[in-house]
file query31.pdb (PDB, C-alpha atoms)
ATOM      1  CA  MET A  58      -2.310  44.542  21.092
ATOM      2  CA  ASN A  59      -5.087  47.034  21.746
ATOM      3  CA  THR A  60      -7.494  46.467  18.836
ATOM      4  CA  GLN A  61      -9.485  49.583  19.644
ATOM      5  CA  ILE A  62      -6.441  51.842  19.326
ATOM      6  CA  MET A  63      -5.477  50.193  16.030
ATOM      7  CA  THR A  64      -9.006  50.705  14.713
ATOM      8  CA  GLU A  65      -8.975  54.381  15.691
ATOM      9  CA  THR A  66      -5.770  54.842  13.678
ATOM     10  CA  ILE A  67      -7.064  53.079  10.585
ATOM     11  CA  ILE A  68     -10.304  55.037  10.338
ATOM     12  CA  LYS A  69      -8.375  58.270   9.802
ATOM     13  CA  ILE A  70      -7.480  57.304   6.231
ATOM     14  CA  PRO A  71      -9.539  59.092   3.555
ATOM     15  CA  ALA A  72     -11.909  57.494   1.091
ATOM     16  CA  SER A  73     -10.035  55.196  -1.288
ATOM     17  CA  VAL A  74     -12.161  56.138  -4.286
ATOM     18  CA  LYS A  75     -14.012  59.091  -5.738
ATOM     19  CA  PRO A  76     -16.788  58.180  -8.187
ATOM     20  CA  GLU A  77     -16.953  60.468 -11.189
ATOM     21  CA  GLY A  78     -20.540  59.750 -12.212
ATOM     22  CA  LYS A  79     -23.557  57.637 -11.343
ATOM     23  CA  ALA A  80     -22.740  54.449  -9.454
ATOM     24  CA  THR A  81     -24.101  51.734  -7.187
ATOM     25  CA  PHE A  82     -23.542  52.111  -3.443
ATOM     26  CA  VAL A  83     -23.780  49.202  -1.007
ATOM     27  CA  MET A  84     -24.533  50.512   2.469
ATOM     28  CA  LEU A  85     -22.702  48.887   5.387
ATOM     29  CA  GLY A  86     -23.779  49.454   8.967
ATOM     30  CA  THR A  87     -22.607  47.659  12.093
ATOM     31  CA  GLY A  88     -23.912  44.088  12.135
ATOM     32  CA  PHE A  89     -24.543  43.825   8.374
ATOM     33  CA  ASP A  90     -24.779  40.323   6.923
ATOM     34  CA  GLU A  91     -21.451  39.732   5.186
ATOM     35  CA  ILE A  92     -22.752  37.320   2.534
ATOM     36  CA  GLU A  93     -25.607  39.628   1.595
ATOM     37  CA  ALA A  94     -23.217  42.555   1.174
ATOM     38  CA  ILE A  95     -19.972  41.230  -0.243
ATOM     39  CA  ALA A  96     -21.343  38.608  -2.656
ATOM     40  CA  PRO A  97     -23.496  41.173  -4.517
ATOM     41  CA  VAL A  98     -20.528  43.566  -4.670
ATOM     42  CA  ASP A  99     -18.457  40.789  -6.268
ATOM     43  CA  VAL A 100     -21.187  39.811  -8.734
ATOM     44  CA  MET A 101     -21.978  43.383  -9.763
ATOM     45  CA  ARG A 102     -18.325  44.231 -10.302
ATOM     46  CA  ARG A 103     -17.869  41.092 -12.404
ATOM     47  CA  ALA A 104     -20.723  42.418 -14.530
ATOM     48  CA  GLY A 105     -18.896  45.684 -15.091
ATOM     49  CA  MET A 106     -20.998  47.807 -12.758
ATOM     50  CA  GLU A 107     -19.341  50.654 -10.874
ATOM     51  CA  VAL A 108     -19.889  49.660  -7.240
ATOM     52  CA  TYR A 109     -18.708  51.174  -3.959
ATOM     53  CA  THR A 110     -19.164  50.113  -0.348
ATOM     54  CA  VAL A 111     -20.200  52.870   2.030
ATOM     55  CA  SER A 112     -19.822  52.838   5.795
ATOM     56  CA  MET A 113     -22.944  54.261   7.399
ATOM     57  CA  THR A 114     -20.747  56.078   9.966
ATOM     58  CA  GLU A 115     -17.525  58.116   9.893
ATOM     59  CA  ASN A 116     -15.584  54.897  10.511
ATOM     60  CA  ARG A 117     -14.500  53.143   7.312
ATOM     61  CA  ILE A 118     -14.052  49.893   9.238
ATOM     62  CA  VAL A 119     -17.419  48.170   9.671
ATOM     63  CA  ARG A 120     -18.009  45.052  11.757
ATOM     64  CA  GLY A 121     -20.225  42.440  10.133
ATOM     65  CA  ALA A 122     -22.700  40.078  11.754
ATOM     66  CA  THR A 123     -20.190  37.252  12.205
ATOM     67  CA  GLY A 124     -17.334  39.498  13.319
ATOM     68  CA  ASN A 125     -15.584  40.208  10.023
ATOM     69  CA  ASN A 126     -14.198  43.746   9.821
ATOM     70  CA  ILE A 127     -14.645  45.209   6.347
ATOM     71  CA  VAL A 128     -12.912  48.381   5.176
ATOM     72  CA  ALA A 129     -15.530  50.282   3.177
ATOM     73  CA  ASP A 130     -14.508  52.294   0.131
ATOM     74  CA  MET A 131     -15.870  55.459   1.720
ATOM     75  CA  THR A 132     -17.996  56.780   4.563
ATOM     76  CA  VAL A 133     -21.460  58.263   4.311
ATOM     77  CA  ALA A 134     -19.877  61.713   4.568
ATOM     78  CA  ASP A 135     -18.144  61.022   1.229
ATOM     79  CA  LEU A 136     -21.394  59.964  -0.459
ATOM     80  CA  ASN A 137     -22.732  62.438  -3.006
ATOM     81  CA  PRO A 138     -26.489  61.740  -3.323
ATOM     82  CA  SER A 139     -26.515  63.079  -6.887
ATOM     83  CA  GLN A 140     -24.214  60.212  -7.927
ATOM     84  CA  ILE A 141     -26.462  57.418  -6.671
ATOM     85  CA  ASP A 142     -27.832  55.065  -9.325
ATOM     86  CA  TRP A 143     -28.620  52.065  -7.079
ATOM     87  CA  LEU A 144     -28.695  51.965  -3.290
ATOM     88  CA  VAL A 145     -28.209  48.429  -1.971
ATOM     89  CA  PHE A 146     -28.976  47.354   1.611
ATOM     90  CA  PRO A 147     -27.915  44.004   3.111
ATOM     91  CA  GLY A 148     -29.820  42.715   6.111
ATOM     92  CA  ALA A 149     -28.961  42.495   9.799
ATOM     93  CA  ASP A 150     -30.501  41.567  13.120
ATOM     94  CA  LYS A 151     -33.298  43.914  14.180
ATOM     95  CA  SER A 152     -31.152  45.425  16.919
ATOM     96  CA  GLU A 153     -28.193  46.292  14.684
ATOM     97  CA  ALA A 154     -27.330  49.719  13.301
ATOM     98  CA  ALA A 155     -27.255  48.333   9.744
ATOM     99  CA  VAL A 156     -31.062  48.271   9.665
ATOM    100  CA  ASN A 157     -31.688  51.210  11.989
ATOM    101  CA  LEU A 158     -30.831  54.251   9.905
ATOM    102  CA  ASP A 159     -30.239  57.648  11.451
ATOM    103  CA  LYS A 160     -32.231  60.649  10.247
ATOM    104  CA  GLU A 161     -29.592  61.789   7.776
ATOM    105  CA  LEU A 162     -29.504  58.419   6.041
ATOM    106  CA  GLN A 163     -33.283  58.164   6.059
ATOM    107  CA  ASN A 164     -33.425  61.501   4.252
ATOM    108  CA  ILE A 165     -30.885  60.332   1.658
ATOM    109  CA  VAL A 166     -32.845  57.139   0.971
ATOM    110  CA  THR A 167     -36.214  58.891   0.860
ATOM    111  CA  SER A 168     -34.967  61.638  -1.442
ATOM    112  CA  HIS A 169     -33.318  59.101  -3.749
ATOM    113  CA  TRP A 170     -36.542  57.101  -3.992
ATOM    114  CA  GLU A 171     -38.847  60.098  -4.432
ATOM    115  CA  ASN A 172     -36.639  61.351  -7.262
ATOM    116  CA  GLY A 173     -36.960  58.112  -9.231
ATOM    117  CA  GLY A 174     -33.940  56.309  -7.820
ATOM    118  CA  LYS A 175     -33.451  52.555  -7.679
ATOM    119  CA  ILE A 176     -33.102  50.475  -4.517
ATOM    120  CA  ALA A 177     -32.241  46.831  -3.789
ATOM    121  CA  ALA A 178     -32.642  45.307  -0.330
ATOM    122  CA  ILE A 179     -32.377  41.803   1.063
ATOM    123  CA  CYS A 180     -33.350  39.833   4.183
ATOM    124  CA  ALA A 181     -34.305  42.189   7.037
ATOM    125  CA  ALA A 182     -33.599  45.371   5.060
ATOM    126  CA  PRO A 183     -36.867  45.512   3.062
ATOM    127  CA  ALA A 184     -38.968  45.413   6.227
ATOM    128  CA  LEU A 185     -36.714  47.317   8.629
ATOM    129  CA  VAL A 186     -35.015  49.863   6.358
ATOM    130  CA  LEU A 187     -37.536  50.436   3.577
ATOM    131  CA  GLY A 188     -40.741  49.687   5.469
ATOM    132  CA  PRO A 189     -40.674  52.664   7.856
ATOM    133  CA  LEU A 190     -39.913  54.968   4.912
ATOM    134  CA  GLY A 191     -43.003  53.850   3.009
ATOM    135  CA  ILE A 192     -41.004  52.406   0.111
ATOM    136  CA  ILE A 193     -42.609  48.942   0.208
ATOM    137  CA  SER A 194     -46.095  50.290   0.836
ATOM    138  CA  GLU A 195     -48.672  48.811  -1.529
ATOM    139  CA  THR A 196     -46.057  47.150  -3.716
ATOM    140  CA  PRO A 197     -45.039  43.484  -4.047
ATOM    141  CA  ALA A 198     -41.807  42.767  -2.189
ATOM    142  CA  THR A 199     -40.119  40.046  -0.189
ATOM    143  CA  GLY A 200     -37.624  39.695   2.618
ATOM    144  CA  TYR A 201     -36.803  37.620   5.671
ATOM    145  CA  PRO A 202     -39.853  35.378   6.258
ATOM    146  CA  PHE A 203     -39.873  35.914  10.024
ATOM    147  CA  LEU A 204     -40.384  39.643   9.460
ATOM    148  CA  LYS A 205     -43.584  39.229   7.465
ATOM    149  CA  ASP A 206     -45.521  41.072  10.190
ATOM    150  CA  GLU A 207     -43.210  44.061   9.791
ATOM    151  CA  PHE A 208     -44.050  44.135   6.078
ATOM    152  CA  GLU A 209     -47.752  44.212   6.737
ATOM    153  CA  LYS A 210     -47.400  46.785   9.518
ATOM    154  CA  ASN A 211     -45.856  49.173   6.996
ATOM    155  CA  GLY A 212     -48.431  48.491   4.288
ATOM    156  CA  GLY A 213     -46.301  46.108   2.255
ATOM    157  CA  THR A 214     -47.516  43.137   0.232
ATOM    158  CA  TYR A 215     -45.313  40.196   1.216
ATOM    159  CA  SER A 216     -44.356  37.766  -1.563
ATOM    160  CA  GLU A 217     -43.140  34.198  -1.019
ATOM    161  CA  ASP A 218     -40.859  34.466  -4.071
ATOM    162  CA  ASN A 219     -37.100  34.374  -3.428
ATOM    163  CA  VAL A 220     -36.568  37.571  -5.406
ATOM    164  CA  VAL A 221     -39.123  40.192  -6.385
ATOM    165  CA  VAL A 222     -38.309  42.684  -9.133
ATOM    166  CA  THR A 223     -40.388  45.755  -9.874
ATOM    167  CA  ASP A 224     -39.564  48.835 -11.929
ATOM    168  CA  ARG A 225     -37.206  50.437  -9.393
ATOM    169  CA  LEU A 226     -37.162  48.014  -6.488
ATOM    170  CA  ILE A 227     -35.518  44.608  -6.040
ATOM    171  CA  THR A 228     -36.008  42.641  -2.822
ATOM    172  CA  SER A 229     -34.915  39.181  -1.712
ATOM    173  CA  LYS A 230     -35.347  36.770   1.208
ATOM    174  CA  GLY A 231     -31.948  36.181   2.783
ATOM    175  CA  PRO A 232     -28.425  34.705   2.638
ATOM    176  CA  GLY A 233     -29.477  31.675   0.596
ATOM    177  CA  THR A 234     -30.977  33.850  -2.144
ATOM    178  CA  THR A 235     -28.067  36.287  -2.347
ATOM    179  CA  LEU A 236     -26.708  35.227  -5.745
ATOM    180  CA  GLU A 237     -30.170  35.396  -7.335
ATOM    181  CA  PHE A 238     -30.599  38.817  -5.734
ATOM    182  CA  ALA A 239     -27.292  40.039  -7.152
ATOM    183  CA  LEU A 240     -28.031  38.634 -10.603
ATOM    184  CA  ALA A 241     -31.430  40.336 -10.598
ATOM    185  CA  ILE A 242     -29.683  43.665 -10.054
ATOM    186  CA  VAL A 243     -27.268  42.867 -12.881
ATOM    187  CA  ARG A 244     -30.139  41.922 -15.202
ATOM    188  CA  LYS A 245     -31.918  45.186 -14.452
ATOM    189  CA  ALA A 246     -28.788  47.319 -14.746
ATOM    190  CA  LYS A 247     -26.859  45.608 -17.555
ATOM    191  CA  GLY A 248     -29.369  43.464 -19.416
ATOM    192  CA  GLU A 249     -30.191  39.795 -19.846
ATOM    193  CA  GLU A 250     -27.167  38.964 -22.002
ATOM    194  CA  THR A 251     -24.759  40.173 -19.327
ATOM    195  CA  GLU A 252     -26.627  38.210 -16.681
ATOM    196  CA  LYS A 253     -26.574  35.072 -18.839
ATOM    197  CA  ALA A 254     -22.844  35.376 -19.485
ATOM    198  CA  LEU A 255     -22.219  35.896 -15.781
ATOM    199  CA  ARG A 256     -24.245  32.833 -14.860
ATOM    200  CA  GLU A 257     -22.236  30.727 -17.279
ATOM    201  CA  GLY A 258     -18.918  32.133 -16.116
ATOM    202  CA  MET A 259     -19.743  31.637 -12.443
ATOM    203  CA  VAL A 260     -21.316  28.195 -13.078
ATOM    204  CA  ILE A 261     -24.688  29.211 -11.679
ATOM    205  CA  ALA A 262     -27.554  27.016 -12.831
TER     206      ALA A 262
END

call {"tool": "encode", "arguments": {"input": "query31.pdb", "output": "structure tokens"}}
result
Amino acid sequence: MNTQIMTETIIKIPASVKPEGKATFVMLGTGFDEIEAIAPVDVMRRAGMEVYTVSMTENRIVRGATGNNIVADMTVADLNPSQIDWLVFPGADKSEAAVNLDKELQNIVTSHWENGGKIAAICAAPALVLGPLGIISETPATGYPFLKDEFEKNGGTYSEDNVVVTDRLITSKGPGTTLEFALAIVRKAKGEETEKALREGMVIA
């Protein structure tokens, strides 16, 4: 079977959802780290957050770092910037599209941030997505340890903590800190009681 032809057929289907108000959007580009994307989506939805996955291209099927094909809820063309509450970025290898945003996406992220929006990023995303946009400049943040130089190049203050939470920005180190990253978003968005109940229900120490 020709996988490419099958993929071209599937991507024609329209967005499966249409948010009515503010929501959280997890951005998926080619090569995204599956754990860092899907686990937070699961955790946030368990907490009652309205969460949607967004393909960073016109193709709703997005290939992850280990070859898993994920069907995003919508494409970036379906994303209404006025509905963004949280923007969430999983990491990827430096060469992958997931952490190399085109100009349109850069403008969406920058506008969201400059207008008081909230952002969460993990692994390579803090350094490679947020760094060039000035979002981690002169603020405590963390990310993939091997990209510490990228942090400093963009004026960031690298923290050794697994998760760093500031007023509107949450960053985390990598796959092994994903659940703590997701729970930090839940705590910020839904409160400590919701986070505590989720920890108990998911048997997280």

call {"tool": "atom_distance", "arguments": {"input": "query31.pdb", "atom1": "CA of Gly258 (chain A)", "atom2": "CA of Glu107 (chain A)"}}
result
19.3 Å

call {"tool": "resolve_selection", "arguments": {"input": "query31.pdb", "expression": "the PyMOL selection byres ((chain A and resi 153) around 9)", "output": "count of residues only"}}
result
13

call {"tool": "closest_atom_pairs", "arguments": {"input": "query31.pdb", "of": "region 206-248 of chain A", "to": "region 130-148 of chain A", "cutoff": "12 Å", "atoms": "only C-alpha atoms", "output": "CSV"}}
result
residue,atom,partner,partner_atom,distance
A:Arg225,CA,A:Trp143,CA,9.0
A:Leu226,CA,A:Trp143,CA,9.5
A:Ile227,CA,A:Val145,CA,9.2
A:Thr228,CA,A:Phe146,CA,9.6
A:Ser229,CA,A:Pro147,CA,9.8
A:Lys230,CA,A:Gly148,CA,9.5
A:Gly231,CA,A:Gly148,CA,7.6
A:Pro232,CA,A:Gly148,CA,8.8
A:Thr234,CA,A:Pro147,CA,11.8
A:Thr235,CA,A:Pro147,CA,9.5
A:Phe238,CA,A:Val145,CA,10.6
A:Ala239,CA,A:Val145,CA,9.9
A:Ile242,CA,A:Trp143,CA,9.0
A:Val243,CA,A:Trp143,CA,11.0
A:Lys245,CA,A:Trp143,CA,10.6
A:Ala246,CA,A:Trp143,CA,9.0

call {"tool": "resolve_selection", "arguments": {"input": "query31.pdb", "expression": "the PyMOL selection byres ((chain A and resi 104) around 9)", "output": "number ranges by chain"}}
result
A: 99-103, 105-106, 243, 247, 251-252, 254-255

call {"tool": "closest_residue", "arguments": {"input": "query31.pdb", "among": "A:Thr199, A:Thr81, A:Thr114, A:Ser216", "to": "Asp159 (chain A)", "atoms": "only C-alpha atoms"}}
result
A:Thr114

call {"tool": "axis_aligned_box", "arguments": {"input": "query31.pdb", "around": "region 203-214 of chain A", "padding_each_side": "3 Å", "output": "AutoDock Vina command-line options"}}
result
--center_x -44.2 --center_y 42.5 --center_z 5.2 --size_x 14.6 --size_y 19.3 --size_z 16.0

call {"tool": "atom_distance", "arguments": {"input": "query31.pdb", "atom1": "CA of Leu240 (chain A)", "atom2": "CA of Asn164 (chain A)"}}
result
27.8 Å

call {"tool": "atom_distance", "arguments": {"input": "query31.pdb", "atom1": "CA of Glu171 (chain A)", "atom2": "CA of Gly78 (chain A)"}}
result
19.9 Å

call {"tool": "residues_around", "arguments": {"input": "query31.pdb", "residues": "Ile127 (chain A)", "least_positions_apart": "6", "cutoff": "7 Å", "atoms": "all atoms listed in the file", "output": "MDAnalysis selection string"}}
result
chainID A and resid 118:120

call {"tool": "closest_residue", "arguments": {"input": "query31.pdb", "among": "A:Glu77, A:Asp224, A:Glu195, A:Asp206", "to": "Trp170 (chain A)", "atoms": "all atoms listed in the file"}}
result
A:Asp224
